[in-house]
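Undergrad: Right, I'll just put the structure down here and ask away after.
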Amino acid sequence: MDSQDLKKAIKLLLADMLEDEVDLKNKPSSDMYAQGQLAATQYNRVKIETILEALGSRRTSTIDVQNCFERKTSKFVLFDETDKYIDKKIK
């Protein structure tokens with residue numbers, strides 16, 4: 001796996017983490033386990049983004065381009081340093 005493949009894999013991991021964040025935010029605030037998982041996921045996502053930035057990648061731009069609560073779907077677009085995007089549909 002070359003460095004570009006590794007960067008793409010990490011960015012897809014970040015998209016998965018964003019998906020987890022959406023799911024965890026929909027849990028009741030009284031669910032302490034979910035709230036702990038949410039905090040840990042957000043912390044780890046920011047750490048990974050910071051590491052990528054330190055390695056020379058531009059900070060990942062995450063844009064919520066669609067948020068349909070009635071269908072409970074969101075779509076996040078992650079841009080890489082060449083302004084190509086990685087499309088990740090969230091169920």
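Chain lettering (A, B, ...) mirrors the order of the structure tokens, residue numbering begins at 1 for each chain separately, and ligand numbering begins at 1 in order of display.
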DSSP on the backbone: what in region 25-56 of chain A comes out alpha helix (DSSP H), as a list in words?
TA: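 Result set for region 25-56 of chain A (alpha helix (DSSP H)): Lys25, Met32, Tyr33, Ala34, Gln35, Gly36, Gln37, Leu38, Ala39, Ala40, Thr41, Gln42, Tyr43, Asn44, Arg45, Val46, Lys47, Ile48, Glu49, Thr50, Ile51, Leu52, Glu53 and Ala54 of chain A.
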Undergrad: What would the file look like if the residues just selected were written as a compact mmCIF listing (two decimals), in the first residue's frame with C-alpha atoms?
TA:
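File selection.txt, as written:
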# COMPACT_ATOMS: atom_id res chain seq x y z
CA LYS A 25 -25.75 12.05 18.66
CA MET A 32 -23.97 7.67 29.41
CA TYR A 33 -22.30 4.87 27.43
CA ALA A 34 -23.27 6.53 24.12
CA GLN A 35 -22.13 9.94 25.38
CA GLY A 36 -18.75 8.48 26.36
CA GLN A 37 -18.41 6.78 22.98
CA LEU A 38 -19.30 10.06 21.24
CA ALA A 39 -16.64 11.98 23.17
CA ALA A 40 -14.01 9.31 22.45
CA THR A 41 -14.90 9.18 18.75
CA GLN A 42 -14.70 12.96 18.40
CA TYR A 43 -11.39 13.08 20.28
CA ASN A 44 -9.83 10.33 18.16
CA ARG A 45 -11.11 11.85 14.91
CA VAL A 46 -9.52 15.21 15.74
CA LYS A 47 -6.24 13.50 16.71
CA ILE A 48 -6.16 11.60 13.39
CA GLU A 49 -6.88 14.81 11.45
CA THR A 50 -4.06 16.56 13.33
CA ILE A 51 -1.62 13.73 12.55
CA LEU A 52 -2.53 13.88 8.85
CA GLU A 53 -2.01 17.63 8.88
CA ALA A 54 1.40 17.23 10.54
Undergrad: CA of Lys11 (chain A) and CA of Leu55 (chain A), how far apart in Å?
TA: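 For CA of Leu55 (chain A) relative to CA of Lys11 (chain A), the distance reads 13.6 Å.
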Undergrad: Hey, can you check how far CA of Gly56 (chain A) sits from CA of Gln4 (chain A)?
TA: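 Computing it gives 12.1 Å between the two atoms.
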